[in-house]
Amino acid sequence: MLARVRNDPIAAATFDEAQDVLGRDLATLDTAAALAGTQATQTALLIAGIAGARQLEHQGIIADYVAGHSVGAFAAAAHAQVFSFADALRLVELRGCAMAQAFPHGYGMAVIAGEPESSVQTWIDVAAARGATLYISNRNAPDQLAVSGADADLAWLIGQARAHGARTATRLAVAVPSHSPLMCGVAAQLRDALRSIKLDNPRMPYVANHSARVLSDARAIADDLAEGVARHVLWHEATTALFERGVRTFVEMPPGDTLTRLAQAAFSEARAVALETAGLEGVLSITQHPDALAIRQNITTAPCE
């Protein structure tokens, strides 16, 4: 995840800064074995997101808004200077460690696409009546949902979705039941940690994960970051809020281009580009216009939540 952008001078400086804060070589994060766990993946996603956003700012591309999917929200807040990159690293390390310790095994996430949310919720309600543990955790698009829960219950739900003709119904490579009430204890730890650091109002508005509201108050952003781990991500609503405010260019930070494809499908009048796939020159070529620009921090292509 990190090696793909490490050679850029701006990215390299970001990596050096992260190594100093974390006290270890980032190569230990960037292996297949490490990225199979939530802690390394969340930290790597934060670093990759900040490195990409700094690359764009170095070229004069300044976001009018920021938004982050799941742990990407910490990168969005750090880029908006709500808190320092160093504090973001410590917060995300805490988040990943606490989530892994809360549910070291037996839980995870699945994605279901091509079925209405009402159907998925009905299946979940049926399963819950017999004691299953399942929660809708992400609304990524009108017809794409992520669900968190216990392994056996997720397997049953995937079977239901496939039997009803879902376009996609599969497990995600995620080690924990993210964005569900199972994570309330982690949310409490994050609230305590956020109270102990310096917070500033963002230099550009931030779009919340669990409410899809556009926020300009540091404390409200801190609440979103803490509560978000235990509440569902309204990603489609968040990007819709940006579109309704005039955003017509979305730039996705590394890794991957999943959020770019979601934006392209949702907003035919907008342009969406992923830094990893288009490269810096590709992003520069489409952002030299007067439309509002939103830099988006990516999470959904990662082997984690």
# chains A, B, ... in the order shown; residues from 1 in each chain; ligands from 1
>>> closest_atom_pairs(of="stretch 126-208 of chain A", to="stretch 66-76 of chain A", cutoff="7 Å", atoms="only C-alpha atoms", output="JSON lines")
{"residue": "A:Pro205", "atom": "CA", "partner": "A:Val66", "partner_atom": "CA", "distance": 6.5}
{"residue": "A:Tyr206", "atom": "CA", "partner": "A:Val66", "partner_atom": "CA", "distance": 5.0}
{"residue": "A:Val207", "atom": "CA", "partner": "A:Ala67", "partner_atom": "CA", "distance": 5.0}
{"residue": "A:Ala208", "atom": "CA", "partner": "A:Ala67", "partner_atom": "CA", "distance": 7.0}
>>> residues_around(residues="A:Asp224", least_positions_apart="5", cutoff="9 Å", atoms="only C-alpha atoms", output="ChimeraX atom specification")
/A:73,208-211,219,229
>>> write_last_selection(atoms="N, CA and C atoms", output="short mmCIF file (atom, residue, chain, number, x, y, z; two decimals), in the first residue's frame")
data_model
loop_
_atom_site.label_atom_id
_atom_site.label_comp_id
_atom_site.auth_asym_id
_atom_site.auth_seq_id
_atom_site.Cartn_x
_atom_site.Cartn_y
_atom_site.Cartn_z
N ALA A 73 -11.56 9.19 7.54
CA ALA A 73 -12.01 10.45 8.15
C ALA A 73 -10.92 11.08 9.00
N ALA A 208 -19.17 14.72 7.64
CA ALA A 208 -19.20 13.69 8.65
C ALA A 208 -19.55 12.32 8.08
N ASN A 209 -19.02 11.28 8.72
CA ASN A 209 -19.29 9.89 8.34
C ASN A 209 -20.70 9.46 8.68
N HIS A 210 -21.09 9.63 9.94
CA HIS A 210 -22.33 8.98 10.39
C HIS A 210 -23.56 9.85 10.29
N SER A 211 -23.38 11.15 9.95
CA SER A 211 -24.54 12.02 9.77
C SER A 211 -24.60 12.65 8.39
N ARG A 219 -15.03 20.45 17.59
CA ARG A 219 -15.60 19.50 18.53
C ARG A 219 -16.61 18.59 17.84
N VAL A 229 -16.92 4.97 14.68
CA VAL A 229 -16.49 3.58 14.73
C VAL A 229 -17.62 2.65 15.15
#
>>> closest_residue(among="A:Leu199, A:Ala226, A:Val247, A:Ala220", to="A:Val82", atoms="only C-alpha atoms")
A:Leu199
>>> residues_around(residues="A:Ala294", least_positions_apart="3", cutoff="8 Å", atoms="only C-alpha atoms", output="PyMOL selection string")
chain A and resi 63-67+242+247+249-251
>>> write_last_selection(atoms="C-alpha atoms", output="short mmCIF file (atom, residue, chain, number, x, y, z; two decimals), in the first residue's frame")
data_model
loop_
_atom_site.label_atom_id
_atom_site.label_comp_id
_atom_site.auth_asym_id
_atom_site.auth_seq_id
_atom_site.Cartn_x
_atom_site.Cartn_y
_atom_site.Cartn_z
CA ALA A 63 -9.54 21.10 -1.54
CA ASP A 64 -12.71 23.07 -0.90
CA TYR A 65 -14.04 20.19 1.20
CA VAL A 66 -12.68 16.98 2.73
CA ALA A 67 -14.43 13.72 3.56
CA LEU A 242 -20.94 17.66 -1.49
CA VAL A 247 -18.71 19.98 -5.93
CA THR A 249 -14.63 17.19 -9.04
CA PHE A 250 -13.82 14.38 -6.60
CA VAL A 251 -10.23 13.27 -6.05
#
>>> residues_around(residues="A:Asp143", least_positions_apart="2", cutoff="8 Å", atoms="only C-alpha atoms", output="list of chain:residue names")
A:Ala113, A:Gly114, A:Glu115, A:Pro116, A:Glu117, A:Asn140, A:Ala141, A:Leu145
>>> residues_around(residues="A:Ala241", least_positions_apart="4", cutoff="10 Å", atoms="only C-alpha atoms", output="tab-separated table (two decimals) with N, CA and C atoms, in the first residue's frame")
chain	number	residue	atom	x	y	z
A	207	VAL	N	-16.92	16.68	5.91
A	207	VAL	CA	-18.22	16.02	5.83
A	207	VAL	C	-18.21	14.79	6.72
A	212	ALA	N	-23.49	12.61	7.65
A	212	ALA	CA	-23.37	13.23	6.32
A	212	ALA	C	-23.56	14.75	6.39
A	213	ARG	N	-23.37	15.33	7.57
A	213	ARG	CA	-23.46	16.78	7.70
A	213	ARG	C	-22.12	17.42	7.37
A	214	VAL	N	-22.16	18.64	6.82
A	214	VAL	CA	-20.96	19.40	6.56
A	214	VAL	C	-20.62	20.18	7.83
A	235	TRP	N	-21.86	7.02	3.40
A	235	TRP	CA	-20.96	7.56	2.39
A	235	TRP	C	-21.71	8.15	1.21
A	236	HIS	N	-22.74	7.47	0.74
A	236	HIS	CA	-23.48	8.01	-0.41
A	236	HIS	C	-24.11	9.35	-0.04
A	237	GLU	N	-24.67	9.45	1.16
A	237	GLU	CA	-25.26	10.72	1.58
A	237	GLU	C	-24.21	11.81	1.74
A	245	ARG	N	-23.68	20.96	-2.85
A	245	ARG	CA	-23.01	22.23	-2.56
A	245	ARG	C	-22.12	22.68	-3.72
A	246	GLY	N	-22.25	22.04	-4.85
A	246	GLY	CA	-21.54	22.49	-6.05
A	246	GLY	C	-20.28	21.75	-6.39
A	247	VAL	N	-19.91	20.74	-5.62
A	247	VAL	CA	-18.71	19.98	-5.93
A	247	VAL	C	-18.94	19.20	-7.22
